[in-house]
2 protein chains.
Amino acid sequence: MAIARPTHRRLFAVFDHAYGRLSRRAGAVLADVGVKPAQATALVYLGYHNGCQLSELAAGVGAGNAAVTGLVDRMVKTGLVERRKLQSDGRGKTVHLTPDGLAKREQVMQRLRTLDEKLSKNFTDAEMEIIYKFLHTASEMET
Amino acid sequence: MAIARPTHRRLFAVFDHAYGRLSRRAGAVLADVGVKPAQATALVYLGYHNGCQLSELAAGVGAGNAAVTGLVDRMVKTGLVERRKLQSDGRGKTVHLTPDGLAKREQVMQRLRTLDEKLSKNFTDAEMEIIYKFLHTASEMET
DNA sequence: ACAAACTAATTCATATGTGTACTTTCTCCG
DNA sequence: CGGAGAAAGTACACATATGAATTAGTTTGT
């Protein structure tokens with residue numbers, strides 16, 4: 001039996017709370033860009049994988065297909081991206097940044113870089129390694 | 001000027017992604033308890049602060065008042081909690097676990113403890129300190 | 001070549017979040 | 001006392017998430 005580790009008992013709760021607060025902050029930081037947080041995430045991802053399929057975008061932003069269908073709908077409506085049919089596979093659709101979407105992405109990246117700096121500035125590189133390892137563990141954890 | 005820290009450039013994105021995946025996992029883990037993730041969070045908080053006011057619950061679970069109004073509505077509807085008027089202040093309402101809510105909370109705690117163990121088992125206590133410090137930083141960060 | 005199985009995207013019901021506006025109630029200051 | 005203003009909850013419009021069911025297109029096994 002492992003020694004009790006009281007400070008670890010509510011890890012998930014702390015993670016959950018921290019994320020809630022952080023995402024509110026991110027939402028506020030992005031408000032003046034006129035893009036919602038989930039859309040910002042998608043714009044960033046698309047900058048690296050422009051023209052990817054919906055499913056890939058879903059995996060990339062860590063959500064399910066259904067969520068991304070609606071997300072892309074709203075982004076198409078506001079002119080940030082466009083959907084195209086995939087000719088190689090009749091089921092697939094690809095998502096492409098518009099010039100407008102690309103411009104918004106630049107602004108988003110500015111804001112997120114600042115946020116990242118604030119988040120990480122009190123940690124050493126060695127500490128950041130641990131934090132990344134932890135976040136990666138949380139991402140990849142299986143049931 | 002600081003040295004470029006490429007691995008830190010997308011901290012927020014990594015955090016966001018990790019949270020998305022982790023919360024899906026938590027949702028799946030809680031599915032058999034028949035409680036949604038936000039409700040589970042509220043149940044846990046209420047276990048420590050039963051009878052607190054709505055605003056305190058909101059702060060405790062990291063959401064706004066409006067979100068918690070609806071959350072409590074749904075939990076009242078399914079009999080997990082009840083709302084009472086605060087006599088000391090005509091504006092306030094307090095939230096109380098029902099026996100049913102308390103029972104669900106026990107099940108939730110079981111599941112979350114298991115999740116916590118999986119999340120933290122590959123980290124030493126010293127590493128966990130850093131992770132908690134980071135999560136705390138993320139919670140408390142000001143604009 | 002075809003039925004069975006799989007995959008991609010969508011739709012639907014529902015849960016949860018935000019910001020804003022509104023109501024009610026308190027508090028505090030002149 | 002009495003009105004300005006803060007605070008607590010709620011209502012509303014909307015963004016975003018999930019899971020289940022649906023539709024359509026592709027792949028596979030015989």
# chains A, B, ... in the order shown; residues from 1 in each chain; ligands from 1

$ interface_residues --of "chain D" --to "chain B" --cutoff "12 Å" --atoms "only C-alpha atoms (C1' of nucleotides)" --output "JSON, numbers by chain"
{"D": [7, 8, 9, 10, 11, 12, 16, 17, 18, 19]}

$ write_last_selection --atoms "C-alpha atoms (C1' of nucleotides)" --output "PDB file, in the first residue's frame"
ATOM      1  C1'  DA D   7     -24.766  42.362  -4.151  1.00  0.00           C
ATOM      2  C1'  DA D   8     -27.469  37.913  -4.967  1.00  0.00           C
ATOM      3  C1'  DG D   9     -30.138  35.398  -8.000  1.00  0.00           C
ATOM      4  C1'  DT D  10     -32.361  34.877 -12.184  1.00  0.00           C
ATOM      5  C1'  DA D  11     -33.603  35.312 -17.264  1.00  0.00           C
ATOM      6  C1'  DC D  12     -32.121  35.404 -21.899  1.00  0.00           C
ATOM      7  C1'  DT D  16     -19.784  24.879 -26.965  1.00  0.00           C
ATOM      8  C1'  DA D  17     -19.672  20.069 -25.184  1.00  0.00           C
ATOM      9  C1'  DT D  18     -21.499  15.079 -25.143  1.00  0.00           C
ATOM     10  C1'  DG D  19     -23.865  10.776 -26.739  1.00  0.00           C
TER      11       DG D  19
END

$ calpha_fit_and_write --fixed "chain A" --moving "chain B" --output "PDB file with C-alpha atoms, in the first residue's frame"
ATOM      1  CA  MET B   1       0.622   0.319   0.251  1.00  0.00           C
ATOM      2  CA  ALA B   2       1.729   3.768  -0.676  1.00  0.00           C
ATOM      3  CA  ILE B   3       2.020   6.511   1.864  1.00  0.00           C
ATOM      4  CA  ALA B   4      -1.006   8.744   1.873  1.00  0.00           C
ATOM      5  CA  ARG B   5      -0.405  11.800  -0.270  1.00  0.00           C
ATOM      6  CA  PRO B   6      -2.966  14.281   0.979  1.00  0.00           C
ATOM      7  CA  THR B   7      -1.933  17.048  -1.351  1.00  0.00           C
ATOM      8  CA  HIS B   8      -2.671  14.799  -4.279  1.00  0.00           C
ATOM      9  CA  ARG B   9      -6.094  13.719  -3.209  1.00  0.00           C
ATOM     10  CA  ARG B  10      -7.923  16.325  -5.180  1.00  0.00           C
ATOM     11  CA  LEU B  11      -5.736  16.571  -8.232  1.00  0.00           C
ATOM     12  CA  PHE B  12      -8.592  16.362 -10.678  1.00  0.00           C
ATOM     13  CA  ALA B  13     -10.588  18.944  -8.765  1.00  0.00           C
ATOM     14  CA  VAL B  14      -7.635  21.315  -8.760  1.00  0.00           C
ATOM     15  CA  PHE B  15      -7.029  20.730 -12.444  1.00  0.00           C
ATOM     16  CA  ASP B  16     -10.683  21.311 -13.202  1.00  0.00           C
ATOM     17  CA  HIS B  17     -10.797  24.504 -11.211  1.00  0.00           C
ATOM     18  CA  ALA B  18      -7.555  25.818 -12.687  1.00  0.00           C
ATOM     19  CA  TYR B  19      -8.796  25.138 -16.181  1.00  0.00           C
ATOM     20  CA  GLY B  20     -12.087  26.864 -15.548  1.00  0.00           C
ATOM     21  CA  ARG B  21     -10.360  29.978 -14.334  1.00  0.00           C
ATOM     22  CA  LEU B  22      -7.729  29.926 -17.034  1.00  0.00           C
ATOM     23  CA  SER B  23     -10.253  29.511 -19.814  1.00  0.00           C
ATOM     24  CA  ARG B  24     -12.236  32.454 -18.500  1.00  0.00           C
ATOM     25  CA  ARG B  25      -9.078  34.481 -18.592  1.00  0.00           C
ATOM     26  CA  ALA B  26      -8.320  33.334 -22.109  1.00  0.00           C
ATOM     27  CA  GLY B  27     -11.854  34.226 -23.130  1.00  0.00           C
ATOM     28  CA  ALA B  28     -11.407  37.712 -21.717  1.00  0.00           C
ATOM     29  CA  VAL B  29      -8.039  38.117 -23.401  1.00  0.00           C
ATOM     30  CA  LEU B  30      -9.527  37.087 -26.733  1.00  0.00           C
ATOM     31  CA  ALA B  31     -12.678  39.140 -26.385  1.00  0.00           C
ATOM     32  CA  ASP B  32     -11.266  42.157 -28.173  1.00  0.00           C
ATOM     33  CA  VAL B  33     -10.213  39.963 -31.080  1.00  0.00           C
ATOM     34  CA  GLY B  34     -13.869  39.043 -31.483  1.00  0.00           C
ATOM     35  CA  VAL B  35     -13.255  35.309 -31.488  1.00  0.00           C
ATOM     36  CA  LYS B  36     -14.597  32.751 -29.031  1.00  0.00           C
ATOM     37  CA  PRO B  37     -12.163  30.434 -27.252  1.00  0.00           C
ATOM     38  CA  ALA B  38     -13.037  27.265 -29.148  1.00  0.00           C
ATOM     39  CA  GLN B  39     -12.813  29.122 -32.429  1.00  0.00           C
ATOM     40  CA  ALA B  40      -9.438  30.510 -31.420  1.00  0.00           C
ATOM     41  CA  THR B  41      -8.227  26.984 -30.727  1.00  0.00           C
ATOM     42  CA  ALA B  42      -9.458  25.870 -34.126  1.00  0.00           C
ATOM     43  CA  LEU B  43      -7.822  28.823 -35.880  1.00  0.00           C
ATOM     44  CA  VAL B  44      -4.499  28.016 -34.270  1.00  0.00           C
ATOM     45  CA  TYR B  45      -4.751  24.369 -35.221  1.00  0.00           C
ATOM     46  CA  LEU B  46      -5.740  25.195 -38.783  1.00  0.00           C
ATOM     47  CA  GLY B  47      -2.702  27.417 -39.092  1.00  0.00           C
ATOM     48  CA  TYR B  48      -0.605  24.315 -38.720  1.00  0.00           C
ATOM     49  CA  HIS B  49      -2.923  21.953 -40.601  1.00  0.00           C
ATOM     50  CA  ASN B  50      -4.841  24.046 -43.060  1.00  0.00           C
ATOM     51  CA  GLY B  51      -7.153  22.036 -45.278  1.00  0.00           C
ATOM     52  CA  CYS B  52      -7.387  19.111 -42.883  1.00  0.00           C
ATOM     53  CA  GLN B  53     -10.562  17.085 -42.554  1.00  0.00           C
ATOM     54  CA  LEU B  54     -13.194  17.688 -39.923  1.00  0.00           C
ATOM     55  CA  SER B  55     -12.266  14.556 -37.988  1.00  0.00           C
ATOM     56  CA  GLU B  56      -8.652  15.565 -37.829  1.00  0.00           C
ATOM     57  CA  LEU B  57      -9.620  19.006 -36.615  1.00  0.00           C
ATOM     58  CA  ALA B  58     -11.814  17.387 -33.976  1.00  0.00           C
ATOM     59  CA  ALA B  59      -8.957  15.223 -32.743  1.00  0.00           C
ATOM     60  CA  GLY B  60      -6.624  18.202 -32.930  1.00  0.00           C
ATOM     61  CA  VAL B  61      -8.736  20.413 -30.727  1.00  0.00           C
ATOM     62  CA  GLY B  62      -9.670  17.551 -28.414  1.00  0.00           C
ATOM     63  CA  ALA B  63     -13.385  17.419 -29.154  1.00  0.00           C
ATOM     64  CA  GLY B  64     -15.783  15.071 -30.899  1.00  0.00           C
ATOM     65  CA  ASN B  65     -17.001  15.267 -34.479  1.00  0.00           C
ATOM     66  CA  ALA B  66     -20.413  16.578 -33.530  1.00  0.00           C
ATOM     67  CA  ALA B  67     -18.913  19.498 -31.643  1.00  0.00           C
ATOM     68  CA  VAL B  68     -16.716  20.414 -34.579  1.00  0.00           C
ATOM     69  CA  THR B  69     -19.556  20.309 -37.085  1.00  0.00           C
ATOM     70  CA  GLY B  70     -21.224  23.124 -35.176  1.00  0.00           C
ATOM     71  CA  LEU B  71     -17.974  24.949 -34.542  1.00  0.00           C
ATOM     72  CA  VAL B  72     -17.138  24.983 -38.244  1.00  0.00           C
ATOM     73  CA  ASP B  73     -20.711  26.011 -39.069  1.00  0.00           C
ATOM     74  CA  ARG B  74     -20.331  29.110 -36.937  1.00  0.00           C
ATOM     75  CA  MET B  75     -16.891  29.890 -38.307  1.00  0.00           C
ATOM     76  CA  VAL B  76     -18.151  29.563 -41.869  1.00  0.00           C
ATOM     77  CA  LYS B  77     -21.003  31.892 -41.012  1.00  0.00           C
ATOM     78  CA  THR B  78     -18.587  34.551 -39.780  1.00  0.00           C
ATOM     79  CA  GLY B  79     -16.252  34.023 -42.703  1.00  0.00           C
ATOM     80  CA  LEU B  80     -13.247  32.645 -40.843  1.00  0.00           C
ATOM     81  CA  VAL B  81     -13.042  29.348 -42.720  1.00  0.00           C
ATOM     82  CA  GLU B  82     -14.632  27.504 -45.604  1.00  0.00           C
ATOM     83  CA  ARG B  83     -15.639  23.889 -46.121  1.00  0.00           C
ATOM     84  CA  ARG B  84     -14.746  21.987 -49.267  1.00  0.00           C
ATOM     85  CA  LYS B  85     -15.632  18.544 -50.518  1.00  0.00           C
ATOM     86  CA  LEU B  86     -12.837  16.021 -50.583  1.00  0.00           C
ATOM     87  CA  GLN B  87     -12.743  14.510 -54.059  1.00  0.00           C
ATOM     88  CA  SER B  88     -10.675  11.523 -53.012  1.00  0.00           C
ATOM     89  CA  ASP B  89     -13.352  10.437 -50.539  1.00  0.00           C
ATOM     90  CA  GLY B  90     -16.982  11.339 -50.948  1.00  0.00           C
ATOM     91  CA  ARG B  91     -17.575  11.274 -47.199  1.00  0.00           C
ATOM     92  CA  GLY B  92     -14.960  13.816 -46.252  1.00  0.00           C
ATOM     93  CA  LYS B  93     -14.897  17.595 -46.066  1.00  0.00           C
ATOM     94  CA  THR B  94     -11.866  19.777 -45.563  1.00  0.00           C
ATOM     95  CA  VAL B  95     -11.614  23.047 -43.680  1.00  0.00           C
ATOM     96  CA  HIS B  96      -9.641  26.011 -44.983  1.00  0.00           C
ATOM     97  CA  LEU B  97      -8.721  29.335 -43.439  1.00  0.00           C
ATOM     98  CA  THR B  98      -9.940  32.388 -45.314  1.00  0.00           C
ATOM     99  CA  PRO B  99      -7.687  35.467 -45.479  1.00  0.00           C
ATOM    100  CA  ASP B 100      -9.907  36.864 -42.770  1.00  0.00           C
ATOM    101  CA  GLY B 101      -9.448  33.768 -40.657  1.00  0.00           C
ATOM    102  CA  LEU B 102      -5.718  33.947 -41.116  1.00  0.00           C
ATOM    103  CA  ALA B 103      -5.659  37.552 -39.953  1.00  0.00           C
ATOM    104  CA  LYS B 104      -7.668  36.686 -36.860  1.00  0.00           C
ATOM    105  CA  ARG B 105      -5.313  33.829 -36.193  1.00  0.00           C
ATOM    106  CA  GLU B 106      -2.381  36.207 -36.062  1.00  0.00           C
ATOM    107  CA  GLN B 107      -4.110  38.290 -33.434  1.00  0.00           C
ATOM    108  CA  VAL B 108      -5.028  35.201 -31.467  1.00  0.00           C
ATOM    109  CA  MET B 109      -1.440  33.981 -31.528  1.00  0.00           C
ATOM    110  CA  GLN B 110      -0.258  37.307 -30.138  1.00  0.00           C
ATOM    111  CA  ARG B 111      -2.607  37.071 -27.212  1.00  0.00           C
ATOM    112  CA  LEU B 112      -1.882  33.441 -26.499  1.00  0.00           C
ATOM    113  CA  ARG B 113       1.854  33.983 -26.555  1.00  0.00           C
ATOM    114  CA  THR B 114       1.446  36.656 -23.910  1.00  0.00           C
ATOM    115  CA  LEU B 115      -0.734  34.336 -21.871  1.00  0.00           C
ATOM    116  CA  ASP B 116       1.824  31.555 -22.173  1.00  0.00           C
ATOM    117  CA  GLU B 117       4.580  33.831 -20.988  1.00  0.00           C
ATOM    118  CA  LYS B 118       2.629  34.867 -17.922  1.00  0.00           C
ATOM    119  CA  LEU B 119       1.784  31.280 -17.152  1.00  0.00           C
ATOM    120  CA  SER B 120       5.306  29.978 -17.459  1.00  0.00           C
ATOM    121  CA  LYS B 121       7.456  32.863 -16.318  1.00  0.00           C
ATOM    122  CA  ASN B 122       7.843  31.673 -12.737  1.00  0.00           C
ATOM    123  CA  PHE B 123       8.998  28.201 -13.708  1.00  0.00           C
ATOM    124  CA  THR B 124      12.397  27.007 -14.784  1.00  0.00           C
ATOM    125  CA  ASP B 125      12.866  24.964 -17.918  1.00  0.00           C
ATOM    126  CA  ALA B 126      13.269  21.831 -15.829  1.00  0.00           C
ATOM    127  CA  GLU B 127      10.000  22.550 -14.074  1.00  0.00           C
ATOM    128  CA  MET B 128       8.284  23.206 -17.373  1.00  0.00           C
ATOM    129  CA  GLU B 129       9.399  19.791 -18.550  1.00  0.00           C
ATOM    130  CA  ILE B 130       7.567  18.219 -15.640  1.00  0.00           C
ATOM    131  CA  ILE B 131       4.483  20.292 -16.303  1.00  0.00           C
ATOM    132  CA  TYR B 132       4.427  19.295 -19.949  1.00  0.00           C
ATOM    133  CA  LYS B 133       4.919  15.691 -18.991  1.00  0.00           C
ATOM    134  CA  PHE B 134       1.984  15.943 -16.647  1.00  0.00           C
ATOM    135  CA  LEU B 135      -0.263  17.576 -19.221  1.00  0.00           C
ATOM    136  CA  HIS B 136       0.731  14.930 -21.700  1.00  0.00           C
ATOM    137  CA  THR B 137      -0.101  12.202 -19.199  1.00  0.00           C
ATOM    138  CA  ALA B 138      -3.503  13.770 -18.682  1.00  0.00           C
ATOM    139  CA  SER B 139      -4.089  13.863 -22.435  1.00  0.00           C
ATOM    140  CA  GLU B 140      -3.084  10.324 -23.102  1.00  0.00           C
ATOM    141  CA  MET B 141      -4.525   8.620 -20.068  1.00  0.00           C
ATOM    142  CA  GLU B 142      -6.569   5.564 -20.836  1.00  0.00           C
ATOM    143  CA  THR B 143      -9.563   4.396 -18.886  1.00  0.00           C
TER     144      THR B 143
END

$ atom_distance --atom1 "atom C1' of DT10 of chain C" --atom2 "atom C1' of DC14 of chain D"
20.6 Å

$ interface_residues --of "chain C" --to "chain B" --cutoff "7 Å" --atoms "only C-alpha atoms (C1' of nucleotides)" --output "VMD selection string"
chain C and resid 17 24 to 25

$ write_last_selection --atoms "N, CA and C atoms (P, O5', C5', C4', C3', O3' and C1' of nucleotides)" --output "PDB file, in the first residue's frame"
ATOM      1  P    DG C  17     -20.427  24.535 -15.905  1.00  0.00           P
ATOM      2  O5'  DG C  17     -20.188  25.794 -16.878  1.00  0.00           O
ATOM      3  C5'  DG C  17     -18.909  25.999 -17.424  1.00  0.00           C
ATOM      4  C4'  DG C  17     -18.967  27.087 -18.480  1.00  0.00           C
ATOM      5  C3'  DG C  17     -19.365  28.473 -17.996  1.00  0.00           C
ATOM      6  O3'  DG C  17     -18.209  29.207 -17.610  1.00  0.00           O
ATOM      7  C1'  DG C  17     -20.465  27.930 -20.026  1.00  0.00           C
ATOM      8  P    DT C  24     -39.230  42.814  -8.407  1.00  0.00           P
ATOM      9  O5'  DT C  24     -38.320  42.456  -7.155  1.00  0.00           O
ATOM     10  C5'  DT C  24     -37.860  41.127  -6.992  1.00  0.00           C
ATOM     11  C4'  DT C  24     -36.845  41.075  -5.879  1.00  0.00           C
ATOM     12  C3'  DT C  24     -37.245  41.875  -4.629  1.00  0.00           C
ATOM     13  O3'  DT C  24     -37.159  40.980  -3.532  1.00  0.00           O
ATOM     14  C1'  DT C  24     -35.023  42.373  -5.275  1.00  0.00           C
ATOM     15  P    DT C  25     -37.664  41.465  -2.065  1.00  0.00           P
ATOM     16  O5'  DT C  25     -36.279  41.779  -1.338  1.00  0.00           O
ATOM     17  C5'  DT C  25     -35.225  40.830  -1.466  1.00  0.00           C
ATOM     18  C4'  DT C  25     -33.946  41.406  -0.909  1.00  0.00           C
ATOM     19  C3'  DT C  25     -34.112  42.207   0.388  1.00  0.00           C
ATOM     20  O3'  DT C  25     -33.250  41.619   1.343  1.00  0.00           O
ATOM     21  C1'  DT C  25     -32.755  43.365  -1.152  1.00  0.00           C
TER      22       DT C  25
END

$ select_by_dssp --residues "chain A" --states "alpha helix (DSSP H)" --output "PDB file with C-alpha atoms, in the first residue's frame"
ATOM      1  CA  LEU A  11      -5.760  16.583  -8.311  1.00  0.00           C
ATOM      2  CA  PHE A  12      -8.592  16.395 -10.771  1.00  0.00           C
ATOM      3  CA  ALA A  13     -10.620  18.938  -8.846  1.00  0.00           C
ATOM      4  CA  VAL A  14      -7.686  21.339  -8.818  1.00  0.00           C
ATOM      5  CA  PHE A  15      -7.063  20.772 -12.514  1.00  0.00           C
ATOM      6  CA  ASP A  16     -10.722  21.336 -13.280  1.00  0.00           C
ATOM      7  CA  HIS A  17     -10.861  24.526 -11.288  1.00  0.00           C
ATOM      8  CA  ALA A  18      -7.612  25.860 -12.705  1.00  0.00           C
ATOM      9  CA  TYR A  19      -8.802  25.210 -16.223  1.00  0.00           C
ATOM     10  CA  GLY A  20     -12.129  26.902 -15.598  1.00  0.00           C
ATOM     11  CA  ARG A  21     -10.443  30.024 -14.360  1.00  0.00           C
ATOM     12  CA  LEU A  22      -7.793  29.985 -17.051  1.00  0.00           C
ATOM     13  CA  SER A  23     -10.289  29.584 -19.850  1.00  0.00           C
ATOM     14  CA  ARG A  24     -12.295  32.519 -18.529  1.00  0.00           C
ATOM     15  CA  ARG A  25      -9.127  34.566 -18.603  1.00  0.00           C
ATOM     16  CA  ALA A  26      -8.363  33.403 -22.123  1.00  0.00           C
ATOM     17  CA  GLY A  27     -11.895  34.287 -23.154  1.00  0.00           C
ATOM     18  CA  ALA A  28     -11.450  37.783 -21.758  1.00  0.00           C
ATOM     19  CA  VAL A  29      -8.077  38.177 -23.435  1.00  0.00           C
ATOM     20  CA  LEU A  30      -9.547  37.128 -26.769  1.00  0.00           C
ATOM     21  CA  ALA A  31     -12.719  39.179 -26.437  1.00  0.00           C
ATOM     22  CA  PRO A  37     -12.080  30.483 -27.235  1.00  0.00           C
ATOM     23  CA  ALA A  38     -12.970  27.305 -29.089  1.00  0.00           C
ATOM     24  CA  GLN A  39     -12.767  29.129 -32.390  1.00  0.00           C
ATOM     25  CA  ALA A  40      -9.386  30.517 -31.415  1.00  0.00           C
ATOM     26  CA  THR A  41      -8.161  27.003 -30.712  1.00  0.00           C
ATOM     27  CA  ALA A  42      -9.405  25.864 -34.091  1.00  0.00           C
ATOM     28  CA  LEU A  43      -7.797  28.812 -35.881  1.00  0.00           C
ATOM     29  CA  VAL A  44      -4.453  28.026 -34.285  1.00  0.00           C
ATOM     30  CA  TYR A  45      -4.699  24.373 -35.218  1.00  0.00           C
ATOM     31  CA  LEU A  46      -5.699  25.176 -38.782  1.00  0.00           C
ATOM     32  CA  GLY A  47      -2.662  27.412 -39.116  1.00  0.00           C
ATOM     33  CA  TYR A  48      -0.565  24.290 -38.757  1.00  0.00           C
ATOM     34  CA  LEU A  54     -13.160  17.659 -39.814  1.00  0.00           C
ATOM     35  CA  SER A  55     -12.224  14.541 -37.884  1.00  0.00           C
ATOM     36  CA  GLU A  56      -8.596  15.553 -37.764  1.00  0.00           C
ATOM     37  CA  LEU A  57      -9.570  19.006 -36.550  1.00  0.00           C
ATOM     38  CA  ALA A  58     -11.726  17.393 -33.883  1.00  0.00           C
ATOM     39  CA  ALA A  59      -8.864  15.241 -32.665  1.00  0.00           C
ATOM     40  CA  GLY A  60      -6.535  18.212 -32.904  1.00  0.00           C
ATOM     41  CA  VAL A  61      -8.630  20.436 -30.698  1.00  0.00           C
ATOM     42  CA  ASN A  65     -16.924  15.274 -34.333  1.00  0.00           C
ATOM     43  CA  ALA A  66     -20.327  16.578 -33.348  1.00  0.00           C
ATOM     44  CA  ALA A  67     -18.826  19.503 -31.489  1.00  0.00           C
ATOM     45  CA  VAL A  68     -16.644  20.410 -34.428  1.00  0.00           C
ATOM     46  CA  THR A  69     -19.490  20.285 -36.935  1.00  0.00           C
ATOM     47  CA  GLY A  70     -21.169  23.110 -35.049  1.00  0.00           C
ATOM     48  CA  LEU A  71     -17.925  24.951 -34.443  1.00  0.00           C
ATOM     49  CA  VAL A  72     -17.084  24.962 -38.140  1.00  0.00           C
ATOM     50  CA  ASP A  73     -20.672  25.983 -38.959  1.00  0.00           C
ATOM     51  CA  ARG A  74     -20.306  29.102 -36.849  1.00  0.00           C
ATOM     52  CA  MET A  75     -16.873  29.873 -38.241  1.00  0.00           C
ATOM     53  CA  VAL A  76     -18.133  29.522 -41.795  1.00  0.00           C
ATOM     54  CA  LYS A  77     -20.984  31.860 -40.960  1.00  0.00           C
ATOM     55  CA  PRO A  99      -7.694  35.417 -45.504  1.00  0.00           C
ATOM     56  CA  ASP A 100      -9.906  36.825 -42.786  1.00  0.00           C
ATOM     57  CA  GLY A 101      -9.438  33.749 -40.660  1.00  0.00           C
ATOM     58  CA  LEU A 102      -5.693  33.916 -41.147  1.00  0.00           C
ATOM     59  CA  ALA A 103      -5.653  37.526 -40.001  1.00  0.00           C
ATOM     60  CA  LYS A 104      -7.641  36.671 -36.894  1.00  0.00           C
ATOM     61  CA  ARG A 105      -5.281  33.822 -36.218  1.00  0.00           C
ATOM     62  CA  GLU A 106      -2.361  36.221 -36.118  1.00  0.00           C
ATOM     63  CA  GLN A 107      -4.100  38.306 -33.492  1.00  0.00           C
ATOM     64  CA  VAL A 108      -5.011  35.224 -31.512  1.00  0.00           C
ATOM     65  CA  MET A 109      -1.409  34.014 -31.570  1.00  0.00           C
ATOM     66  CA  GLN A 110      -0.231  37.356 -30.202  1.00  0.00           C
ATOM     67  CA  ARG A 111      -2.614  37.126 -27.268  1.00  0.00           C
ATOM     68  CA  LEU A 112      -1.885  33.499 -26.539  1.00  0.00           C
ATOM     69  CA  ARG A 113       1.849  34.040 -26.590  1.00  0.00           C
ATOM     70  CA  THR A 114       1.435  36.707 -23.946  1.00  0.00           C
ATOM     71  CA  LEU A 115      -0.762  34.391 -21.910  1.00  0.00           C
ATOM     72  CA  ASP A 116       1.810  31.607 -22.215  1.00  0.00           C
ATOM     73  CA  GLU A 117       4.559  33.902 -21.005  1.00  0.00           C
ATOM     74  CA  LYS A 118       2.580  34.927 -17.953  1.00  0.00           C
ATOM     75  CA  LEU A 119       1.750  31.330 -17.185  1.00  0.00           C
ATOM     76  CA  SER A 120       5.279  30.044 -17.490  1.00  0.00           C
ATOM     77  CA  ASP A 125      12.871  25.058 -17.879  1.00  0.00           C
ATOM     78  CA  ALA A 126      13.260  21.923 -15.779  1.00  0.00           C
ATOM     79  CA  GLU A 127       9.972  22.646 -14.054  1.00  0.00           C
ATOM     80  CA  MET A 128       8.280  23.295 -17.362  1.00  0.00           C
ATOM     81  CA  GLU A 129       9.429  19.881 -18.523  1.00  0.00           C
ATOM     82  CA  ILE A 130       7.580  18.310 -15.627  1.00  0.00           C
ATOM     83  CA  ILE A 131       4.499  20.375 -16.299  1.00  0.00           C
ATOM     84  CA  TYR A 132       4.475  19.371 -19.958  1.00  0.00           C
ATOM     85  CA  LYS A 133       4.975  15.772 -19.006  1.00  0.00           C
ATOM     86  CA  PHE A 134       2.018  16.009 -16.667  1.00  0.00           C
ATOM     87  CA  LEU A 135      -0.220  17.645 -19.256  1.00  0.00           C
ATOM     88  CA  HIS A 136       0.793  15.014 -21.740  1.00  0.00           C
ATOM     89  CA  THR A 137      -0.047  12.278 -19.256  1.00  0.00           C
ATOM     90  CA  ALA A 138      -3.455  13.828 -18.728  1.00  0.00           C
ATOM     91  CA  SER A 139      -4.022  13.933 -22.493  1.00  0.00           C
ATOM     92  CA  GLU A 140      -3.007  10.399 -23.157  1.00  0.00           C
TER      93      GLU A 140
END

$ residues_around --residues "DT27 of chain D" --least-positions-apart "2" --cutoff "10 Å" --atoms "only C-alpha atoms (C1' of nucleotides)" --output "list in words"
DA5, DC6 and DT7 of chain C; DG29 of chain D

$ write_last_selection --atoms "C-alpha atoms (C1' of nucleotides)" --output "mmCIF file, in the first residue's frame"
data_model
loop_
_atom_site.group_PDB
_atom_site.id
_atom_site.type_symbol
_atom_site.label_atom_id
_atom_site.label_comp_id
_atom_site.auth_asym_id
_atom_site.auth_seq_id
_atom_site.Cartn_x
_atom_site.Cartn_y
_atom_site.Cartn_z
ATOM 1 C "C1'" DA C 5 -18.801 -3.645 -41.484
ATOM 2 C "C1'" DC C 6 -16.662 0.553 -41.008
ATOM 3 C "C1'" DT C 7 -15.915 5.641 -41.310
ATOM 4 C "C1'" DG D 29 -14.562 -11.040 -47.115
#

$ atom_distance --atom1 "atom C1' of DA9 of chain C" --atom2 "atom C1' of DA15 of chain D"
20.2 Å

$ select_by_dssp --residues "chain B" --states "strand (DSSP E)" --output "list in words"
Val81, Glu82, Arg83, Arg84, Lys85, Lys93, Thr94, Val95, His96 and Leu97 of chain B
